[in-house]
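For reference, my_file.cif is printed below; it contains mmCIF, C-alpha atoms.
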```cif
data_query
loop_
_atom_site.label_atom_id
_atom_site.label_comp_id
_atom_site.auth_asym_id
_atom_site.auth_seq_id
_atom_site.Cartn_x
_atom_site.Cartn_y
_atom_site.Cartn_z
CA MET L 1 -5.98 3.11 -24.08
CA SER L 2 -2.65 4.22 -25.48
CA THR L 3 0.32 2.04 -24.61
CA PRO L 4 2.04 3.23 -21.41
CA LYS L 5 5.52 4.56 -22.11
CA GLU L 6 7.04 2.96 -19.03
CA LYS L 7 6.38 -0.15 -17.03
CA PHE L 8 7.72 -1.74 -13.87
CA GLU L 9 7.88 -5.42 -13.02
CA ILE L 10 6.85 -6.88 -9.71
CA TYR L 11 7.10 -10.50 -8.62
CA PRO L 12 5.08 -12.66 -6.26
CA ILE L 13 6.81 -13.28 -2.94
CA GLY L 14 4.21 -15.82 -1.85
CA SER L 15 0.50 -16.59 -1.97
CA VAL L 16 -2.68 -16.65 0.09
CA SER L 17 -3.82 -19.91 1.65
CA ARG L 18 -7.21 -19.72 3.33
CA ALA L 19 -7.99 -21.86 6.38
CA GLU L 20 -11.09 -22.15 8.56
CA ASN L 21 -10.17 -19.65 11.27
CA SER L 22 -7.30 -17.74 9.83
CA VAL L 23 -5.53 -16.92 6.64
CA GLN L 24 -2.01 -18.04 5.95
CA LEU L 25 0.43 -16.31 3.68
CA GLN L 26 2.86 -18.87 2.32
CA ILE L 27 6.10 -17.03 1.60
CA ASP L 28 8.45 -18.40 -1.05
CA GLU L 29 11.68 -19.84 0.31
CA MET L 30 13.98 -17.24 -1.20
CA TYR L 31 12.15 -14.36 0.53
CA ARG L 32 11.85 -15.86 4.03
CA PRO L 33 14.82 -14.01 5.57
CA ALA L 34 12.84 -10.78 4.99
CA LEU L 35 10.36 -11.96 7.68
CA LYS L 36 12.89 -11.50 10.48
CA GLU L 37 11.52 -9.35 13.35
CA LEU L 38 8.10 -8.99 11.73
CA ASP L 39 6.55 -10.93 14.62
CA GLY L 40 7.11 -8.00 17.00
CA PHE L 41 4.38 -5.99 15.26
CA SER L 42 0.66 -6.38 15.97
CA HIS L 43 -0.37 -5.69 12.37
CA VAL L 44 0.99 -6.12 8.89
CA MET L 45 0.01 -4.54 5.61
CA VAL L 46 -0.38 -7.21 2.99
CA PHE L 47 0.13 -6.11 -0.60
CA TRP L 48 -1.48 -8.48 -3.05
CA TRP L 49 -2.13 -8.69 -6.75
CA ALA L 50 -5.83 -8.76 -7.71
CA GLU L 51 -5.20 -11.20 -10.52
CA ARG L 52 -8.88 -11.62 -11.45
CA PHE L 53 -8.98 -7.94 -12.33
CA ALA L 54 -5.60 -7.67 -14.01
CA THR L 55 -7.02 -7.62 -17.53
CA PRO L 56 -6.65 -4.69 -19.95
CA GLU L 57 -10.43 -4.16 -19.81
CA TYR L 58 -10.65 -3.84 -16.02
CA ARG L 59 -7.47 -1.76 -15.91
CA GLN L 60 -9.11 0.83 -18.18
CA MET L 61 -12.09 1.33 -15.89
CA LEU L 62 -11.61 4.67 -14.14
CA THR L 63 -14.98 5.35 -12.52
CA CYS L 64 -17.76 3.31 -10.96
CA ASN L 65 -20.93 3.62 -8.94
CA PRO L 66 -19.81 1.88 -5.74
CA PRO L 67 -22.23 -0.68 -4.27
CA TYR L 68 -22.28 1.26 -0.96
CA ALA L 69 -23.10 4.57 -2.68
CA PRO L 70 -24.63 3.78 -6.07
CA GLU L 71 -25.78 7.37 -6.57
CA HIS L 72 -22.16 8.64 -6.60
CA LEU L 73 -20.10 8.33 -9.74
CA THR L 74 -16.72 7.81 -8.12
CA GLY L 75 -13.18 7.69 -9.45
CA MET L 76 -11.30 4.48 -8.75
CA PHE L 77 -8.67 6.39 -6.73
CA ALA L 78 -11.46 7.35 -4.29
CA THR L 79 -12.32 3.66 -3.79
CA ARG L 80 -10.54 0.52 -2.62
CA SER L 81 -11.90 -1.50 -5.51
CA PRO L 82 -9.62 -4.14 -7.04
CA ILE L 83 -10.71 -2.68 -10.37
CA ARG L 84 -8.13 0.05 -10.98
CA PRO L 85 -5.26 0.84 -13.35
CA ASN L 86 -2.68 -1.01 -11.22
CA PRO L 87 -4.49 -3.71 -9.23
CA VAL L 88 -2.05 -3.75 -6.31
CA MET L 89 -4.25 -4.11 -3.26
CA MET L 90 -3.26 -3.34 0.30
CA THR L 91 -5.00 -4.82 3.31
CA THR L 92 -4.02 -4.16 6.90
CA CYS L 93 -4.21 -7.41 8.86
CA LYS L 94 -3.95 -8.46 12.46
CA LEU L 95 -0.81 -10.55 12.71
CA LEU L 96 -1.23 -13.89 14.52
CA GLY L 97 2.16 -15.46 13.96
CA VAL L 98 5.26 -15.69 11.81
CA ASP L 99 7.22 -18.87 11.13
CA GLU L 100 10.31 -17.64 9.36
CA GLU L 101 11.70 -21.09 8.68
CA LYS L 102 8.53 -22.48 7.11
CA GLY L 103 7.65 -19.17 5.52
CA VAL L 104 4.20 -18.94 7.07
CA VAL L 105 2.58 -15.67 8.14
CA ARG L 106 -0.77 -16.15 9.87
CA VAL L 107 -3.22 -13.25 9.83
CA ALA L 108 -6.73 -12.97 11.27
CA ASP L 109 -8.43 -12.18 8.01
CA LEU L 110 -7.80 -10.89 4.52
CA ASP L 111 -10.08 -9.96 1.63
CA ALA L 112 -8.22 -11.99 -0.99
CA PHE L 113 -9.12 -15.28 -2.62
CA GLU L 114 -7.25 -18.56 -2.16
CA GLY L 115 -4.07 -18.59 -4.22
CA THR L 116 -3.85 -14.82 -4.65
CA PRO L 117 -0.26 -13.69 -5.23
CA VAL L 118 1.29 -11.68 -2.40
CA VAL L 119 3.77 -9.04 -3.59
CA ASP L 120 4.89 -7.32 -0.38
CA LEU L 121 4.50 -7.20 3.37
CA LYS L 122 5.05 -4.04 5.37
CA ALA L 123 4.88 -3.84 9.15
CA TYR L 124 2.17 -1.41 10.35
CA PHE L 125 3.89 1.60 11.91
CA PRO L 126 1.44 3.94 13.67
CA VAL L 127 3.83 6.83 12.99
CA CYS L 128 3.25 6.33 9.24
CA ASP L 129 -0.13 4.69 9.02
CA ARG L 130 -2.41 5.84 11.78
CA VAL L 131 -4.10 9.18 11.19
CA ARG L 132 -5.59 10.89 14.21
CA GLU L 133 -7.89 13.31 12.36
CA ALA L 134 -9.15 11.43 9.33
CA HIS L 135 -12.33 12.43 7.56
CA ILE L 136 -14.38 10.72 4.93
CA PRO L 137 -16.96 12.34 2.63
CA GLU L 138 -20.45 13.10 3.89
CA TRP L 139 -21.91 10.52 1.56
CA LEU L 140 -20.06 7.85 3.58
CA ALA L 141 -21.29 9.22 6.92
CA GLY L 142 -21.79 6.53 9.53
CA TRP L 143 -18.90 4.29 8.49
CA PRO L 144 -16.78 2.96 11.35
CA GLU L 145 -13.92 5.10 12.62
CA TRP L 146 -11.61 2.11 13.14
CA MET L 147 -10.67 -1.13 11.48
CA PRO L 148 -12.67 -4.07 12.85
CA GLU L 149 -10.69 -5.99 15.48
CA ALA L 150 -10.19 -9.04 13.24
CA GLY L 151 -9.61 -7.04 10.08
CA ILE L 152 -11.31 -7.03 6.72
CA GLY L 153 -12.52 -10.34 5.33
CA LEU L 154 -13.24 -11.72 1.94
CA GLU L 155 -16.11 -10.26 0.02
CA GLU L 156 -17.14 -12.31 -2.95
CA TYR L 157 -17.11 -9.94 -5.86
CA GLU L 158 -19.42 -10.56 -8.75
CA SER L 159 -17.28 -11.80 -11.56
CA MET I 1 18.58 -14.99 -7.24
CA SER I 2 16.73 -17.46 -9.42
CA THR I 3 14.47 -15.97 -12.06
CA PRO I 4 10.93 -15.47 -10.73
CA LYS I 5 8.44 -17.71 -12.50
CA GLU I 6 5.76 -15.04 -12.70
CA LYS I 7 5.75 -11.29 -13.03
CA PHE I 8 3.16 -8.54 -13.13
CA GLU I 9 3.38 -5.21 -14.90
CA ILE I 10 2.47 -1.90 -13.37
CA TYR I 11 2.46 1.49 -15.04
CA PRO I 12 3.02 5.04 -13.82
CA ILE I 13 -0.19 7.03 -13.47
CA GLY I 14 1.71 10.24 -12.78
CA SER I 15 4.74 11.63 -11.00
CA VAL I 16 5.87 13.64 -7.99
CA SER I 17 6.53 17.35 -8.35
CA ARG I 18 8.00 18.98 -5.27
CA ALA I 19 7.20 22.59 -4.42
CA GLU I 20 8.24 24.82 -1.52
CA ASN I 21 5.32 24.25 0.81
CA SER I 22 3.59 21.24 -0.60
CA VAL I 23 4.04 18.34 -2.92
CA GLN I 24 2.08 17.97 -6.13
CA LEU I 25 1.24 14.74 -7.81
CA GLN I 26 0.86 15.35 -11.52
CA ILE I 27 -1.58 12.75 -12.83
CA ASP I 28 -1.39 11.71 -16.48
CA GLU I 29 -4.31 12.85 -18.59
CA MET I 30 -5.71 9.41 -19.29
CA TYR I 31 -6.08 8.63 -15.58
CA ARG I 32 -7.65 11.90 -14.42
CA PRO I 33 -11.27 10.67 -14.36
CA ALA I 34 -10.19 8.27 -11.58
CA LEU I 35 -9.71 11.34 -9.31
CA LYS I 36 -13.45 12.02 -9.11
CA GLU I 37 -14.70 12.34 -5.50
CA LEU I 38 -11.22 11.92 -4.03
CA ASP I 39 -11.39 15.47 -2.68
CA GLY I 40 -13.95 14.44 -0.04
CA PHE I 41 -11.30 12.53 1.89
CA SER I 42 -8.86 14.11 4.33
CA HIS I 43 -6.03 11.72 3.46
CA VAL I 44 -4.80 9.71 0.51
CA MET I 45 -2.40 6.79 0.32
CA VAL I 46 0.14 7.45 -2.39
CA PHE I 47 1.71 4.38 -3.96
CA TRP I 48 5.00 5.16 -5.65
CA TRP I 49 7.82 3.32 -7.32
CA ALA I 50 11.18 3.70 -5.57
CA GLU I 51 13.03 3.81 -8.86
CA ARG I 52 16.45 4.45 -7.33
CA PHE I 53 16.22 1.11 -5.59
CA ALA I 54 14.66 -0.88 -8.41
CA THR I 55 17.87 -2.63 -9.38
CA PRO I 56 18.40 -6.40 -9.18
CA GLU I 57 21.03 -5.85 -6.49
CA TYR I 58 18.79 -3.86 -4.14
CA ARG I 59 15.85 -6.16 -4.83
CA GLN I 60 17.86 -9.10 -3.52
CA MET I 61 18.58 -7.45 -0.17
CA LEU I 62 16.35 -9.13 2.40
CA THR I 63 17.72 -7.95 5.74
CA CYS I 64 19.32 -4.81 7.11
CA ASN I 65 20.37 -3.11 10.31
CA PRO I 66 17.97 -0.15 10.28
CA PRO I 67 19.50 3.25 11.08
CA TYR I 68 17.03 3.68 13.97
CA ALA I 69 17.93 0.31 15.51
CA PRO I 70 21.35 -0.71 14.20
CA GLU I 71 21.66 -3.52 16.73
CA HIS I 72 18.68 -5.38 15.22
CA LEU I 73 19.15 -7.45 12.11
CA THR I 74 15.72 -6.89 10.57
CA GLY I 75 13.92 -8.40 7.62
CA MET I 76 12.82 -5.93 4.96
CA PHE I 77 9.15 -6.86 5.52
CA ALA I 78 9.53 -5.53 9.09
CA THR I 79 10.73 -2.17 7.74
CA ARG I 80 9.43 0.56 5.43
CA SER I 81 12.69 0.76 3.56
CA PRO I 82 12.55 1.39 -0.19
CA ILE I 83 15.07 -1.44 -0.43
CA ARG I 84 12.85 -4.52 -0.75
CA PRO I 85 11.99 -7.19 -3.33
CA ASN I 86 9.18 -5.12 -4.86
CA PRO I 87 9.94 -1.43 -4.27
CA VAL I 88 6.32 -0.27 -4.27
CA MET I 89 6.17 2.30 -1.49
CA MET I 90 3.05 3.54 0.24
CA THR I 91 2.84 6.86 2.03
CA THR I 92 -0.26 8.20 3.72
CA CYS I 93 -0.56 11.91 2.98
CA LYS I 94 -2.73 14.77 4.10
CA LEU I 95 -4.76 15.81 1.08
CA LEU I 96 -4.77 19.55 0.35
CA GLY I 97 -6.61 19.66 -2.95
CA VAL I 98 -7.56 17.86 -6.13
CA ASP I 99 -7.87 19.46 -9.55
CA GLU I 100 -9.38 16.74 -11.67
CA GLU I 101 -9.19 18.70 -14.89
CA LYS I 102 -5.52 19.61 -14.58
CA GLY I 103 -4.65 16.31 -12.95
CA VAL I 104 -3.07 17.86 -9.88
CA VAL I 105 -3.28 16.34 -6.41
CA ARG I 106 -1.72 18.50 -3.71
CA VAL I 107 -0.53 16.81 -0.53
CA ALA I 108 1.15 18.25 2.56
CA ASP I 109 4.25 16.13 2.34
CA LEU I 110 5.62 12.93 0.87
CA ASP I 111 8.90 11.06 1.29
CA ALA I 112 9.60 10.68 -2.43
CA PHE I 113 12.05 12.51 -4.65
CA GLU I 114 11.14 14.89 -7.47
CA GLY I 115 10.03 12.96 -10.54
CA THR I 116 9.25 9.73 -8.70
CA PRO I 117 6.65 7.67 -10.57
CA VAL I 118 3.26 7.39 -8.86
CA VAL I 119 1.51 4.07 -9.49
CA ASP I 120 -1.71 4.32 -7.49
CA LEU I 121 -3.76 6.52 -5.19
CA LYS I 122 -6.16 5.09 -2.64
CA ALA I 123 -8.40 7.16 -0.40
CA TYR I 124 -7.68 6.61 3.31
CA PHE I 125 -10.64 4.79 4.83
CA PRO I 126 -10.43 4.57 8.64
CA VAL I 127 -12.50 1.36 8.49
CA CYS I 128 -9.64 -0.32 6.56
CA ASP I 129 -6.58 1.63 7.58
CA ARG I 130 -6.83 2.89 11.13
CA VAL I 131 -5.98 0.33 13.80
CA ARG I 132 -7.15 1.10 17.32
CA GLU I 133 -4.83 -1.30 19.16
CA ALA I 134 -1.57 -1.30 17.24
CA HIS I 135 1.68 -2.38 18.85
CA ILE I 136 5.25 -2.10 17.72
CA PRO I 137 8.22 -4.09 19.05
CA GLU I 138 9.88 -3.14 22.31
CA TRP I 139 13.02 -2.14 20.48
CA LEU I 140 10.99 0.68 18.85
CA ALA I 141 9.54 1.86 22.17
CA GLY I 142 8.93 5.59 22.30
CA TRP I 143 7.96 6.04 18.67
CA PRO I 144 4.90 8.25 18.09
CA GLU I 145 1.49 6.65 18.23
CA TRP I 146 0.14 8.74 15.36
CA MET I 147 1.20 10.07 12.02
CA PRO I 148 2.54 13.64 12.25
CA GLU I 149 -0.12 16.19 11.31
CA ALA I 150 1.60 17.14 8.03
CA GLY I 151 2.65 13.62 7.18
CA ILE I 152 6.00 12.03 6.45
CA GLY I 153 8.52 14.10 4.54
CA LEU I 154 11.49 13.36 2.40
CA GLU I 155 14.49 11.85 4.02
CA GLU I 156 17.54 12.01 1.88
CA TYR I 157 18.80 8.47 1.69
CA GLU I 158 22.48 7.89 1.23
CA SER I 159 22.89 6.66 -2.29
#
```
Represent the structure from my file as structure tokens, please.
Amino acid sequence: MSTPKEKFEIYPIGSVSRAENSVQLQIDEMYRPALKELDGFSHVMVFWWAERFATPEYRQMLTCNPPYAPEHLTGMFATRSPIRPNPVMMTTCKLLGVDEEKGVVRVADLDAFEGTPVVDLKAYFPVCDRVREAHIPEWLAGWPEWMPEAGIGLEEYES
Amino acid sequence: MSTPKEKFEIYPIGSVSRAENSVQLQIDEMYRPALKELDGFSHVMVFWWAERFATPEYRQMLTCNPPYAPEHLTGMFATRSPIRPNPVMMTTCKLLGVDEEKGVVRVADLDAFEGTPVVDLKAYFPVCDRVREAHIPEWLAGWPEWMPEAGIGLEEYES
């Protein structure tokens, strides 16, 4: 891979802390004021850094045969794999509570390991995020039309 | 702001090219294989770098009075403002076409300026991204329940 001509720096704003029945996002003290009014939303998009896959080797992988459709050679941009050029993941989560003072955001579930760096939170706005007529390819026929009520949980990737 | 202890590097995979009736994402040659099979999806989430707001000053702004609700002091994580600690924006777009060879992804609309760096594309999967029961705060009552058919366009921010 040739060296990219430009790069941008992002910083952790907190990290993932997994509990028995929920997942907590522990937000660093300096960023806690940015949580104000988040608790009025039912869902939050959690942006996290897939640190286990942030190696030059993984970041050069551009296609795969996904486990759910191994017969289809698929570009990484057509998947949600953490293996991709920029491993910034985004998971929409059901929001259970926000403690601005302690910097704790509780969500129902999240597909990120303990200690994973969180890089952004964005409130879920149906006007931006909810598509009425969304279609997926025929080779994914039968997949659910909606996010599961509790959200997407952790899948242990082979590493 | 104290210096963050950790940082992660992300790279442009392409850039935004605005045309009269659509927006093109021009994908750099090395990343084009990652477009394979994307054209089977109706929508794509475009991750872009809000370069105009990627200054230390903007990245320290944690609250604002949003133009649509000026009476509410709101944390940046409760907004979709490009002013935020990590200005990685995400816009869901209606996908019009993918030319893998030329590295062109055509979308109906996108709220990013000409030349904006694109850092990731993720296919829109209803099972991850579409929330059946989503609620927004009372002070946003009356906002649409769905994304507009053509998507979210450019709003000229005051700069």
task = Mind checking which residues fall within 9 Å of I:Lys102, counting all atoms listed in the file, ignoring those fewer than 3 positions away in the same chain, and posting them as JSON, numbers by chain?
result = {"I": [26, 27, 29, 32, 98, 99]}
task = Do me a favour and pick out the residues of chain L within 7 Å of chain I, using only C-alpha atoms, as a VMD selection string.
result = chain L and resid 4 6 to 12 31 33 to 38 40 to 43 62 to 63 74 to 80 86 92 119 to 123 126 to 132 134 to 137 144 to 148 152
message = Just want the 7 Å neighbourhood of I:Phe53, counted on all atoms listed in the file, with same-chain residues fewer than 2 positions away dropped. Output as a PyMOL selection string.
response = chain I and resi 50-51+55+58+82-83+87
query = Which is closer to I:Ser22 than all the others in I:Val118, I:Ala141, I:Leu154, I:Val107, using all atoms listed in the file?
reply =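 Between I:Val118, I:Ala141, I:Leu154, I:Val107, the residue approaching I:Ser22 most closely is I:Val107.
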query = With all atoms listed in the file as the atoms that count, which of L:Ala150, L:Glu71, L:Pro56, L:Asp28 lies nearest to L:Leu110?
reply = L:Ala150
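You will find atom CA of I:Gly142 at 29.3 Å from atom CA of L:Val104.
Atom CA of L:Asp111 is positioned 17.0 Å from atom CA of L:Pro66.
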ask   = Which distance in Å separates atom CA of I:Trp48 and atom CA of I:Asn21, to one decimal?
value = 20.2 Å
key: Among listed residues L:Ala69, L:Gln24, L:Gly14, L:Ala19, nearest L:Gly97 (using all atoms listed in the file)   =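 Under the stated criterion, the closest residue is L:Gln24.
Candidate residues L:Phe113, L:Arg106, L:Val23, L:Ser17 were compared for distance to L:Arg52, and the nearest is L:Phe113, using all atoms listed in the file.
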How big is the axis-aligned box around the listed atoms of stretch 112-116 of chain L once 3 Å is added on each side, and where is its centre? Give both in Å to one decimal, as AutoDock Vina command-line options.
```
--center_x -6.5 --center_y -15.3 --center_z -2.8 --size_x 11.3 --size_y 12.6 --size_z 9.7
```
ask   = Smallest atom-to-atom distance to L:Gly153: which of L:Val105, L:Leu96, L:Ala112, L:Val16, using all atoms listed in the file?
value = L:Ala112
